[in-house]
file upload.cif (mmCIF, C-alpha atoms and all ligand atoms)
data_run
#
loop_
_atom_site.label_atom_id
_atom_site.label_comp_id
_atom_site.auth_asym_id
_atom_site.auth_seq_id
_atom_site.Cartn_x
_atom_site.Cartn_y
_atom_site.Cartn_z
CA ALA A 14 108.42 104.25 29.04
CA PHE A 15 105.09 103.15 27.62
CA GLU A 16 102.62 106.07 27.87
CA PRO A 17 99.09 104.82 27.12
CA LYS A 18 96.51 107.37 25.99
CA ARG A 19 93.33 105.26 26.13
CA ILE A 20 92.95 102.63 28.82
CA VAL A 21 90.19 100.22 29.78
CA VAL A 22 89.91 99.72 33.54
CA THR A 23 87.79 96.73 34.51
CA GLY A 24 86.13 96.82 37.92
CA GLY A 25 86.60 100.60 38.02
CA CYS A 26 83.48 101.03 40.18
CA GLY A 27 84.84 98.81 42.96
CA PHE A 28 87.07 99.83 45.84
CA ILE A 29 90.60 99.63 44.41
CA GLY A 30 89.61 100.12 40.78
CA SER A 31 87.76 103.38 41.53
CA ASN A 32 90.67 104.69 43.59
CA PHE A 33 92.91 103.94 40.59
CA VAL A 34 90.53 105.70 38.17
CA ARG A 35 90.49 108.80 40.38
CA TRP A 36 94.30 108.59 40.68
CA VAL A 37 94.69 108.52 36.87
CA ALA A 38 92.16 111.35 36.40
CA ARG A 39 94.14 113.48 38.88
CA GLU A 40 97.73 112.49 38.03
CA ARG A 41 97.56 111.78 34.26
CA PRO A 42 95.22 114.34 32.69
CA GLY A 43 96.10 113.24 29.14
CA VAL A 44 94.71 109.72 29.60
CA HIS A 45 91.18 108.64 28.66
CA VAL A 46 89.65 105.91 30.84
CA THR A 47 86.86 103.54 29.87
CA VAL A 48 85.58 101.73 32.94
CA LEU A 49 84.02 98.33 32.28
CA ASP A 50 82.04 97.23 35.33
CA LYS A 51 79.09 94.89 35.84
CA LEU A 52 77.96 96.80 38.94
CA THR A 53 77.61 93.73 41.12
CA TYR A 54 76.78 94.22 44.83
CA ALA A 55 80.41 95.51 45.14
CA GLY A 56 80.32 98.06 42.32
CA ASN A 57 78.92 101.56 42.79
CA PRO A 58 78.98 104.27 40.08
CA GLU A 59 79.11 106.86 42.91
CA ASN A 60 82.73 105.77 43.40
CA ILE A 61 83.72 107.56 40.20
CA ALA A 62 81.04 110.25 40.19
CA GLY A 63 82.07 113.84 39.50
CA LEU A 64 84.98 113.04 37.17
CA ASP A 65 85.17 114.79 33.78
CA PRO A 66 82.88 112.79 31.42
CA GLU A 67 85.22 113.68 28.52
CA ARG A 68 87.94 111.68 30.23
CA VAL A 69 86.19 108.94 32.19
CA GLU A 70 83.43 106.89 30.64
CA LEU A 71 81.48 104.08 32.31
CA VAL A 72 80.33 101.06 30.31
CA VAL A 73 78.12 98.76 32.37
CA GLY A 74 78.81 95.19 31.32
CA ASP A 75 80.35 91.82 32.13
CA ILE A 76 84.02 90.96 31.49
CA CYS A 77 82.76 87.51 30.39
CA ASP A 78 80.86 89.16 27.48
CA ALA A 79 83.34 88.41 24.69
CA ALA A 80 81.71 90.65 22.05
CA LEU A 81 81.59 93.67 24.34
CA VAL A 82 85.13 93.07 25.61
CA ASP A 83 86.43 92.72 22.05
CA ARG A 84 84.87 96.03 21.04
CA LEU A 85 86.27 97.95 24.01
CA VAL A 86 89.73 96.39 23.83
CA SER A 87 90.03 97.10 20.09
CA GLY A 88 89.86 100.83 20.82
CA ALA A 89 92.35 100.87 23.71
CA ASP A 90 96.11 100.81 24.07
CA ALA A 91 96.07 99.15 27.47
CA VAL A 92 93.77 97.17 29.77
CA VAL A 93 94.16 97.28 33.54
CA HIS A 94 92.18 94.42 35.02
CA TYR A 95 90.74 94.93 38.52
CA ALA A 96 87.29 93.34 38.15
CA ALA A 97 86.85 90.31 40.39
CA GLU A 98 84.78 88.67 43.02
CA SER A 99 87.04 89.76 45.86
CA HIS A 100 85.72 88.65 49.25
CA ASN A 101 86.95 85.44 50.90
CA ASP A 102 83.89 84.97 53.10
CA ASN A 103 81.59 85.14 50.07
CA SER A 104 83.77 82.65 48.22
CA ILE A 105 83.34 80.16 51.05
CA ALA A 106 79.54 80.57 51.01
CA ASP A 107 79.19 80.44 47.19
CA PRO A 108 82.27 79.90 45.01
CA ALA A 109 80.52 79.75 41.60
CA PRO A 110 80.72 83.46 40.66
CA PHE A 111 84.41 83.45 41.64
CA VAL A 112 85.23 80.82 39.04
CA ARG A 113 83.22 82.60 36.40
CA THR A 114 84.37 86.18 36.92
CA ASN A 115 87.93 85.58 38.09
CA VAL A 116 88.90 82.75 35.73
CA GLU A 117 86.57 83.01 32.73
CA GLY A 118 86.57 86.81 32.89
CA THR A 119 90.36 86.97 32.79
CA PHE A 120 90.39 84.46 29.92
CA THR A 121 87.97 86.66 27.95
CA LEU A 122 90.11 89.77 28.48
CA ILE A 123 93.45 88.22 27.56
CA GLU A 124 91.96 86.65 24.45
CA ALA A 125 90.82 90.10 23.32
CA CYS A 126 94.21 91.63 24.16
CA ARG A 127 95.94 88.88 22.21
CA ARG A 128 93.75 89.44 19.14
CA HIS A 129 94.33 93.19 19.16
CA GLY A 130 97.93 93.24 20.42
CA VAL A 131 96.91 95.37 23.40
CA ARG A 132 99.09 95.82 26.52
CA TYR A 133 97.56 94.08 29.55
CA HIS A 134 98.13 94.58 33.27
CA HIS A 135 96.77 91.95 35.64
CA VAL A 136 95.93 93.01 39.20
CA SER A 137 96.26 90.14 41.63
CA THR A 138 96.76 89.37 45.29
CA ASP A 139 99.40 88.09 47.68
CA GLU A 140 96.90 85.41 48.73
CA VAL A 141 97.97 83.27 45.76
CA TYR A 142 101.06 82.35 47.83
CA GLY A 143 99.02 80.88 50.69
CA ASP A 144 100.12 81.86 54.18
CA LEU A 145 103.18 82.12 56.40
CA ALA A 146 103.57 81.12 60.04
CA LEU A 147 103.56 83.94 62.59
CA ASP A 148 107.14 83.18 63.62
CA ASP A 149 108.49 82.72 60.07
CA PRO A 150 111.01 85.46 59.25
CA ALA A 151 110.26 84.99 55.52
CA ARG A 152 108.11 87.24 53.36
CA PHE A 153 106.59 86.47 49.94
CA THR A 154 108.77 87.20 46.90
CA GLU A 155 108.17 86.80 43.15
CA GLU A 156 109.75 83.33 43.46
CA THR A 157 107.45 82.00 46.22
CA PRO A 158 105.49 78.95 44.94
CA TYR A 159 101.73 79.30 44.51
CA HIS A 160 99.75 77.70 47.33
CA PRO A 161 96.28 79.30 47.54
CA SER A 162 93.89 78.36 50.37
CA SER A 163 90.41 79.68 49.61
CA PRO A 164 88.03 79.50 46.67
CA TYR A 165 88.76 83.22 46.16
CA SER A 166 92.55 82.92 46.17
CA SER A 167 92.55 79.73 44.09
CA THR A 168 90.59 81.46 41.33
CA LYS A 169 92.97 84.45 41.47
CA ALA A 170 95.91 82.02 41.23
CA ALA A 171 94.27 80.34 38.24
CA SER A 172 93.87 83.70 36.52
CA ASP A 173 97.54 84.55 37.12
CA MET A 174 98.51 81.22 35.54
CA LEU A 175 96.44 81.96 32.44
CA VAL A 176 98.24 85.29 32.02
CA ARG A 177 101.69 83.67 32.40
CA ALA A 178 100.80 81.03 29.80
CA TRP A 179 99.47 83.67 27.36
CA VAL A 180 102.73 85.61 27.72
CA ARG A 181 104.86 82.59 27.00
CA THR A 182 102.75 80.96 24.29
CA TYR A 183 101.28 83.94 22.45
CA GLY A 184 103.67 86.71 23.41
CA LEU A 185 100.91 88.64 25.20
CA ARG A 186 102.39 91.96 26.37
CA ALA A 187 101.43 91.54 30.00
CA THR A 188 102.59 92.29 33.54
CA ILE A 189 101.19 90.95 36.81
CA SER A 190 101.14 92.59 40.24
CA ASN A 191 100.32 90.83 43.50
CA CYS A 192 99.43 93.29 46.23
CA SER A 193 98.81 92.97 49.97
CA ASN A 194 95.68 94.10 51.89
CA ASN A 195 94.43 97.53 50.84
CA TYR A 196 92.59 100.04 52.99
CA GLY A 197 91.20 103.52 52.38
CA PRO A 198 88.02 105.25 51.18
CA TYR A 199 85.31 103.49 49.15
CA GLN A 200 86.09 100.02 50.57
CA HIS A 201 82.99 97.86 50.80
CA PRO A 202 81.68 97.42 54.39
CA GLU A 203 82.03 93.62 54.09
CA LYS A 204 85.82 93.98 54.50
CA PHE A 205 87.51 93.98 57.92
CA ILE A 206 88.41 97.65 58.48
CA PRO A 207 85.23 99.28 57.09
CA ARG A 208 83.05 96.61 58.69
CA GLN A 209 84.39 97.42 62.13
CA ILE A 210 84.32 101.21 61.61
CA THR A 211 80.70 101.10 60.46
CA ASN A 212 79.76 98.70 63.28
CA ILE A 213 81.14 101.17 65.82
CA LEU A 214 79.34 104.08 64.12
CA ASP A 215 76.15 101.97 64.47
CA GLY A 216 76.80 101.20 68.14
CA VAL A 217 77.44 97.52 67.32
CA ARG A 218 80.42 95.64 68.77
CA PRO A 219 83.12 94.74 66.21
CA ARG A 220 83.71 91.04 65.47
CA LEU A 221 87.10 89.41 65.51
CA TYR A 222 87.57 85.99 63.89
CA GLY A 223 89.41 83.19 65.71
CA ASP A 224 92.20 84.28 68.05
CA GLY A 225 92.71 87.62 66.28
CA ARG A 226 96.44 86.98 65.83
CA ASN A 227 96.27 86.61 62.03
CA VAL A 228 98.56 89.10 60.34
CA ARG A 229 97.77 91.17 57.25
CA ASP A 230 100.24 93.48 55.46
CA TRP A 231 98.33 96.76 55.05
CA ILE A 232 98.89 99.24 52.24
CA HIS A 233 96.96 102.41 51.48
CA THR A 234 95.05 102.09 48.22
CA GLU A 235 96.69 105.30 46.88
CA ASP A 236 100.06 103.55 47.05
CA HIS A 237 98.62 100.55 45.22
CA SER A 238 97.46 102.93 42.45
CA SER A 239 100.86 104.56 42.01
CA ALA A 240 102.51 101.13 41.95
CA VAL A 241 100.17 99.80 39.26
CA TRP A 242 100.77 102.89 37.10
CA THR A 243 104.52 102.45 37.54
CA ILE A 244 104.37 98.80 36.47
CA LEU A 245 102.01 99.50 33.55
CA THR A 246 104.29 102.18 32.13
CA ARG A 247 107.77 100.99 33.13
CA GLY A 248 107.46 97.32 34.09
CA ARG A 249 109.20 94.66 32.02
CA ILE A 250 106.83 92.59 29.86
CA GLY A 251 106.20 89.12 31.24
CA GLU A 252 107.29 90.07 34.76
CA THR A 253 105.51 89.79 38.09
CA TYR A 254 105.95 92.55 40.72
CA LEU A 255 104.90 92.25 44.36
CA ILE A 256 103.37 95.41 45.86
CA GLY A 257 103.59 96.06 49.60
CA ALA A 258 104.51 98.82 52.02
CA ASP A 259 105.94 97.03 55.09
CA GLY A 260 102.58 97.21 56.89
CA GLU A 261 102.36 93.92 58.81
CA ARG A 262 99.86 94.09 61.68
CA SER A 263 97.77 91.56 63.59
CA ASN A 264 94.00 91.85 63.32
CA ILE A 265 93.66 92.47 67.03
CA ASP A 266 96.15 95.35 66.85
CA VAL A 267 94.25 96.90 63.94
CA LEU A 268 90.95 96.50 65.76
CA ARG A 269 92.32 98.08 68.95
CA ALA A 270 93.71 100.97 66.89
CA ILE A 271 90.25 101.54 65.38
CA LEU A 272 88.59 101.37 68.81
CA ARG A 273 91.11 103.85 70.27
CA ALA A 274 90.75 106.25 67.37
CA MET A 275 86.96 106.11 67.78
CA ARG A 276 87.19 106.70 71.55
CA ARG A 277 85.91 103.23 72.51
CA PRO A 278 87.38 100.92 75.17
CA GLU A 279 89.95 98.53 73.67
CA ASP A 280 88.03 95.42 74.73
CA ASP A 281 84.68 96.56 73.35
CA PHE A 282 84.41 93.82 70.70
CA ASP A 283 83.22 90.20 70.33
CA TRP A 284 85.31 87.14 69.51
CA VAL A 285 83.56 85.01 66.90
CA ARG A 286 84.19 81.63 65.34
CA ASP A 287 87.09 81.48 62.86
CA ARG A 288 86.85 81.67 59.08
CA PRO A 289 87.34 78.11 57.65
CA GLY A 290 90.82 77.72 56.13
CA HIS A 291 91.77 81.16 57.52
CA ASP A 292 95.25 82.18 56.29
CA ARG A 293 97.54 82.98 59.21
CA ARG A 294 99.86 85.62 57.88
CA TYR A 295 100.64 87.50 54.67
CA ALA A 296 103.83 89.51 54.18
CA ILE A 297 105.25 91.10 51.03
CA ASP A 298 108.88 91.70 50.16
CA PRO A 299 108.58 94.62 47.67
CA THR A 300 112.32 94.84 46.92
CA LYS A 301 112.01 94.11 43.18
CA LEU A 302 109.47 96.89 42.59
CA ARG A 303 111.43 99.39 44.68
CA ARG A 304 114.88 98.59 43.23
CA GLU A 305 113.98 97.96 39.61
CA LEU A 306 111.29 100.61 39.08
CA GLY A 307 112.13 103.02 41.92
CA TRP A 308 108.58 102.97 43.33
CA GLU A 309 108.10 104.19 46.91
CA PRO A 310 104.92 104.21 49.00
CA ALA A 311 103.85 107.66 50.24
CA HIS A 312 101.21 106.74 52.85
CA THR A 313 103.26 104.76 55.34
CA ASP A 314 101.84 106.28 58.56
CA PHE A 315 99.17 103.66 59.30
CA ALA A 316 97.67 105.50 62.29
CA ALA A 317 97.20 108.64 60.19
CA GLY A 318 95.76 106.67 57.26
CA LEU A 319 93.35 104.92 59.60
CA GLU A 320 92.22 108.26 61.11
CA ARG A 321 91.49 109.63 57.63
CA THR A 322 89.66 106.44 56.68
CA ILE A 323 87.51 106.59 59.82
CA ALA A 324 86.71 110.26 59.08
CA TRP A 325 85.74 109.30 55.52
CA TYR A 326 83.22 106.69 56.75
CA ARG A 327 81.87 109.14 59.33
CA ASP A 328 81.27 111.66 56.54
CA HIS A 329 79.83 109.20 53.99
CA GLU A 330 77.06 107.33 55.75
CA PRO A 331 74.65 107.61 52.75
CA TRP A 332 77.33 105.88 50.65
CA TRP A 333 77.75 102.85 52.92
CA ARG A 334 74.34 102.50 54.57
CA PRO A 335 72.58 100.37 51.87
CA ALA A 336 75.63 98.10 51.43
CA LYS A 337 75.96 97.76 55.21
CA GLU A 338 72.39 96.49 55.60
CA ALA A 339 72.81 93.94 52.79
CA THR A 340 76.23 92.83 54.09
CA GLU A 341 75.17 92.22 57.67
CA LYS A 342 72.13 90.28 56.40
CA LYS A 343 74.52 88.08 54.38
CA TYR A 344 76.87 87.61 57.36
CA ARG A 345 73.94 86.49 59.53
CA THR A 346 73.46 83.49 57.20
CA MET A 347 77.11 82.37 57.55
CA GLU A 348 78.05 79.83 60.21
CA TYR A 349 80.94 81.85 61.57
CA ARG A 350 80.86 85.64 61.79
P1 LIG B 1 85.69 95.01 44.89
O1 LIG B 1 84.91 93.78 45.22
O2 LIG B 1 85.54 96.21 45.76
O3 LIG B 1 85.35 95.47 43.39
C1 LIG B 1 85.22 94.59 42.33
C2 LIG B 1 84.58 95.34 41.15
O4 LIG B 1 84.52 94.44 40.03
C3 LIG B 1 83.16 95.83 41.41
O5 LIG B 1 83.01 97.15 40.92
C4 LIG B 1 82.30 94.84 40.62
O6 LIG B 1 81.08 95.40 40.17
C5 LIG B 1 83.23 94.51 39.46
N1 LIG B 1 82.90 93.20 38.86
C6 LIG B 1 82.74 92.01 39.50
N2 LIG B 1 82.44 91.04 38.63
C7 LIG B 1 82.46 91.62 37.39
C8 LIG B 1 82.26 91.11 36.07
N3 LIG B 1 81.97 89.83 35.86
N4 LIG B 1 82.36 91.98 35.04
C9 LIG B 1 82.65 93.29 35.25
N5 LIG B 1 82.84 93.81 36.47
C10 LIG B 1 82.75 92.98 37.53
O7 LIG B 1 87.21 94.53 44.80
P2 LIG B 1 88.55 95.25 45.28
O8 LIG B 1 88.79 94.96 46.70
O9 LIG B 1 88.53 96.65 44.80
O10 LIG B 1 89.64 94.41 44.44
C11 LIG B 1 89.93 94.78 43.09
C12 LIG B 1 91.00 93.85 42.54
O11 LIG B 1 92.18 93.94 43.32
C13 LIG B 1 90.61 92.38 42.54
O12 LIG B 1 91.12 91.78 41.36
C14 LIG B 1 91.32 91.81 43.75
O13 LIG B 1 91.60 90.44 43.60
C15 LIG B 1 92.57 92.64 43.76
N6 LIG B 1 93.23 92.82 45.06
C16 LIG B 1 92.51 93.25 46.14
C17 LIG B 1 93.14 93.49 47.35
C18 LIG B 1 92.38 94.01 48.57
O14 LIG B 1 92.96 94.21 49.61
N7 LIG B 1 91.08 94.27 48.49
C19 LIG B 1 94.51 93.26 47.46
C20 LIG B 1 95.21 92.80 46.35
C21 LIG B 1 94.56 92.60 45.15
O1 LIG B 2 95.77 90.07 50.82
C1 LIG B 2 94.98 90.68 49.84
C2 LIG B 2 93.54 90.29 50.04
O2 LIG B 2 93.07 91.03 51.14
C3 LIG B 2 92.70 90.56 48.80
O3 LIG B 2 93.12 89.70 47.78
C4 LIG B 2 91.22 90.34 49.07
O4 LIG B 2 90.45 90.72 47.94
C5 LIG B 2 90.82 91.17 50.25
O5 LIG B 2 89.45 90.92 50.57
C6 LIG B 2 91.70 90.86 51.46
O6 LIG B 2 91.45 89.51 51.96
P1 LIG B 2 91.36 89.21 53.54
O7 LIG B 2 90.61 87.96 53.72
O8 LIG B 2 92.69 89.35 54.17
O9 LIG B 2 90.49 90.52 53.99
P2 LIG B 2 89.25 90.73 54.95
O10 LIG B 2 89.03 92.21 55.02
O11 LIG B 2 88.09 89.87 54.60
O12 LIG B 2 89.80 90.24 56.36
C7 LIG B 2 91.00 90.75 56.91
C8 LIG B 2 91.31 89.95 58.18
O13 LIG B 2 90.33 90.27 59.18
C9 LIG B 2 91.24 88.45 57.98
O14 LIG B 2 92.25 87.84 58.76
C10 LIG B 2 89.86 88.06 58.51
C11 LIG B 2 89.62 89.08 59.61
N1 LIG B 2 88.22 89.49 59.85
C12 LIG B 2 87.46 89.87 58.79
C13 LIG B 2 86.15 90.30 58.97
C14 LIG B 2 85.28 90.72 57.81
C15 LIG B 2 87.72 89.53 61.15
O15 LIG B 2 88.41 89.19 62.12
N2 LIG B 2 86.44 89.96 61.34
C16 LIG B 2 85.62 90.34 60.31
O16 LIG B 2 84.45 90.73 60.56
#

call {"tool": "encode", "arguments": {"input": "upload.cif", "output": "structure tokens"}}
result
Amino acid sequence: AFEPKRIVVTGGCGFIGSNFVRWVARERPGVHVTVLDKLTYAGNPENIAGLDPERVELVVGDICDAALVDRLVSGADAVVHYAAESHNDNSIADPAPFVRTNVEGTFTLIEACRRHGVRYHHVSTDEVYGDLALDDPARFTEETPYHPSSPYSSTKAASDMLVRAWVRTYGLRATISNCSNNYGPYQHPEKFIPRQITNILDGVRPRLYGDGRNVRDWIHTEDHSSAVWTILTRGRIGETYLIGADGERSNIDVLRAILRAMRRPEDDFDWVRDRPGHDRRYAIDPTKLRRELGWEPAHTDFAAGLERTIAWYRDHEPWWRPAKEATEKKYRTMEYR
């Protein structure tokens, strides 16, 4: 196995990146982490506060800054790339930063990794495969053709393609993972689950897009972290691994579960206009990762994970309050919401 000692984690102040940094700090005490994060609206240094400064260092900067990236990559033995513009609704309102950060940012990182011969892991999404019909028995596999729907997912697909080409043409030592919908602590209140939890805490009715039957395949962010570490250290170079934990659920079921857990009537929400181009269903077949690398998810009780997530938001109002105000202001300018 490859055991890196010094890693650069981009986007380590965002939701999934910060959960990964805290996972590494807890589970791999011998590893030094340099977080590179621009601290956009989605990045918050509080997400990695309290970790040993000898082991986790934050560099505030842009992944498109080639000189900075070159310097950081030259001192590392691996890069784990989480930084992105990540929210579909924002990408519909203003796609420009998605092209820059997701495509140009990835290009900048893999060029630096190529120059310095550094191992690279690319964190991507199941949305690159487009969507499945509700009644389709199929799930996404590593062989499913790319068919992205939104500005967000098309820029993630483009970044995956760059990585594949750099592997083949330059021999970049890279792996790619495409994961399904994450939930857990530190998720920005623009996303579905935290938006509805914080709405309910504020006495505001949750908002369900379209007919609410869209299906997402939920995985706890801790399981995403353990999967990425497994692929980074034991994955085969040049390979793609799909990460999922058999968590398919319709949005309306998730919303009703939140309402029940928060002691609200199950119909205490508003139907709102649908997201344009809204993907119907995502579903991951994680067989390759489980069989080849022996990875198993640990947080498969969704109701329990949701309860803990709700408790976390209840206990962390000062963390989400400023982001909540800014997010709901942004949503009020969108045509659907
Ligand atoms: P997030 O929006 O919560 O965090 C993104 C982080 O990247 C923030 O800290 C932000 O400041 C930073 N960032 C943005 N632009 C940057 C730039 N130009 N330079 C440096 N830093 C920059 O995102 P997330 O939900 O944690 O997603 C992290 C990654 O995981 C993304 O690549 C996303 O595509 C992927 N992913 C997300 C999910 C999900 O369910 N949220 C599922 C699969 C894959
Ligand atoms: O599948 C992985 C992807 O999951 C990641 O690549 C993305 O970064 C991440 O944002 C997420 O994308 P989604 O679009 O699936 O997540 P979001 O939380 O925005 O929405 C989840 C579902 O809930 C989706 O069907 C839209 C719906 N929704 C969302 C919001 C914010 C609502 O019904 N109401 C809402 O208020």

call {"tool": "atom_distance", "arguments": {"input": "upload.cif", "atom1": "atom N5 of ligand LIG 1 (chain B)", "atom2": "atom CA of A:Pro289"}}
result
26.7 Å

call {"tool": "closest_residue", "arguments": {"input": "upload.cif", "among": "A:Asp230, A:Asp148, A:Asp215, A:Glu155", "to": "ligand LIG 1 (chain B)", "atoms": "all atoms listed in the file"}}
result
A:Asp230

call {"tool": "residues_near_ligand", "arguments": {"input": "upload.cif", "ligand": "ligand LIG 1 (chain B)", "cutoff": "7 Å", "atoms": "all atoms listed in the file", "output": "ChimeraX atom specification"}}
result
/A:23-30,49-57,74-77,94-100,114,118,136-139,169,191-196,200-201

call {"tool": "atom_distance", "arguments": {"input": "upload.cif", "atom1": "atom CA of A:Leu302", "atom2": "atom CA of A:Ser239"}}
result
11.5 Å

call {"tool": "closest_atom_pairs", "arguments": {"input": "upload.cif", "of": "chain A", "to": "ligand LIG 2 (chain B)", "cutoff": "9 Å", "atoms": "only C-alpha atoms and all ligand atoms", "output": "CSV"}}
result
residue,atom,partner,partner_atom,distance
A:Ala97,CA,B:LIG2,O4,8.4
A:Glu98,CA,B:LIG2,O4,7.8
A:Ser99,CA,B:LIG2,O4,4.1
A:His100,CA,B:LIG2,O5,4.6
A:Asn101,CA,B:LIG2,O7,5.3
A:Asp102,CA,B:LIG2,O11,6.6
A:Ser137,CA,B:LIG2,O3,6.9
A:Thr138,CA,B:LIG2,O3,4.4
A:Asp139,CA,B:LIG2,O1,5.2
A:Glu140,CA,B:LIG2,O1,5.2
A:Val141,CA,B:LIG2,O3,8.3
A:Tyr165,CA,B:LIG2,O4,7.9
A:Ser166,CA,B:LIG2,O3,7.0
A:Lys169,CA,B:LIG2,O3,8.2
A:Asn191,CA,B:LIG2,C1,8.3
A:Cys192,CA,B:LIG2,C1,6.3
A:Ser193,CA,B:LIG2,O1,4.3
A:Asn194,CA,B:LIG2,C1,4.0
A:Asn195,CA,B:LIG2,O2,6.6
A:Tyr196,CA,B:LIG2,O10,8.8
A:Pro202,CA,B:LIG2,C14,8.3
A:Glu203,CA,B:LIG2,C14,5.7
A:Lys204,CA,B:LIG2,O10,3.7
A:Phe205,CA,B:LIG2,O10,3.7
A:Ile206,CA,B:LIG2,O10,6.5
A:Pro207,CA,B:LIG2,O10,8.3
A:Arg208,CA,B:LIG2,O16,6.3
A:Gln209,CA,B:LIG2,O16,6.9
A:Pro219,CA,B:LIG2,O16,7.1
A:Arg220,CA,B:LIG2,O16,5.0
A:Leu221,CA,B:LIG2,O15,3.6
A:Tyr222,CA,B:LIG2,O15,3.8
A:Gly223,CA,B:LIG2,O15,7.1
A:Asp224,CA,B:LIG2,O15,8.6
A:Gly225,CA,B:LIG2,O15,6.2
A:Arg226,CA,B:LIG2,O14,8.3
A:Asn227,CA,B:LIG2,O14,5.3
A:Val228,CA,B:LIG2,O14,6.6
A:Arg229,CA,B:LIG2,O8,6.2
A:Asp230,CA,B:LIG2,O1,7.3
A:Trp231,CA,B:LIG2,O1,8.3
A:Ser263,CA,B:LIG2,O14,8.2
A:Asn264,CA,B:LIG2,O13,5.8
A:Ile265,CA,B:LIG2,O15,7.9
A:Leu268,CA,B:LIG2,O15,8.6
A:Trp284,CA,B:LIG2,O15,8.3
A:Val285,CA,B:LIG2,N2,8.0
A:Asp287,CA,B:LIG2,O15,7.9
A:Arg288,CA,B:LIG2,C10,7.1
A:His291,CA,B:LIG2,O14,6.8
A:Asp292,CA,B:LIG2,O14,6.9
A:Arg293,CA,B:LIG2,O14,7.2
A:Arg294,CA,B:LIG2,O14,8.0
A:Tyr295,CA,B:LIG2,O1,6.7
A:Ala296,CA,B:LIG2,O1,8.8
A:Tyr344,CA,B:LIG2,O16,8.8
A:Arg350,CA,B:LIG2,O16,6.3

call {"tool": "atom_distance", "arguments": {"input": "upload.cif", "atom1": "atom CA of A:Ile123", "atom2": "atom CA of A:Glu59"}}
result
28.1 Å

call {"tool": "closest_residue", "arguments": {"input": "upload.cif", "among": "A:Thr300, A:Asn212, A:Asn32, A:Asn115", "to": "A:Val241", "atoms": "all atoms listed in the file"}}
result
A:Asn32

call {"tool": "residues_around", "arguments": {"input": "upload.cif", "residues": "A:Arg218", "least_positions_apart": "6", "cutoff": "10 Å", "atoms": "only C-alpha atoms", "output": "PyMOL selection string"}}
result
chain A and resi 209-212+272+280-284

call {"tool": "residues_around", "arguments": {"input": "upload.cif", "residues": "A:Glu235", "least_positions_apart": "6", "cutoff": "12 Å", "atoms": "only C-alpha atoms", "output": "list in words"}}
result
Phe28, Ile29, Gly30, Ser31, Asn32, Phe33, Val34, Arg35, Trp36, Val37, Arg39, Glu40, Asn195, Tyr196, Gly197, Pro198, Tyr199, Val241, Trp242, Ile256, Gly257, Ala258, Glu309, Pro310, Ala311, His312, Thr313 and Gly318 of chain A

call {"tool": "closest_residue", "arguments": {"input": "upload.cif", "among": "A:Glu124, A:Glu117, A:Glu305, A:Asp65", "to": "A:Thr168", "atoms": "only C-alpha atoms"}}
result
A:Glu117

call {"tool": "closest_residue", "arguments": {"input": "upload.cif", "among": "A:Val180, A:Ala274, A:Leu214, A:Ala91", "to": "A:His329", "atoms": "all atoms listed in the file"}}
result
A:Leu214

call {"tool": "closest_residue", "arguments": {"input": "upload.cif", "among": "A:Phe153, A:Phe111, A:Trp179, A:Tyr133", "to": "A:Arg249", "atoms": "all atoms listed in the file"}}
result
A:Tyr133
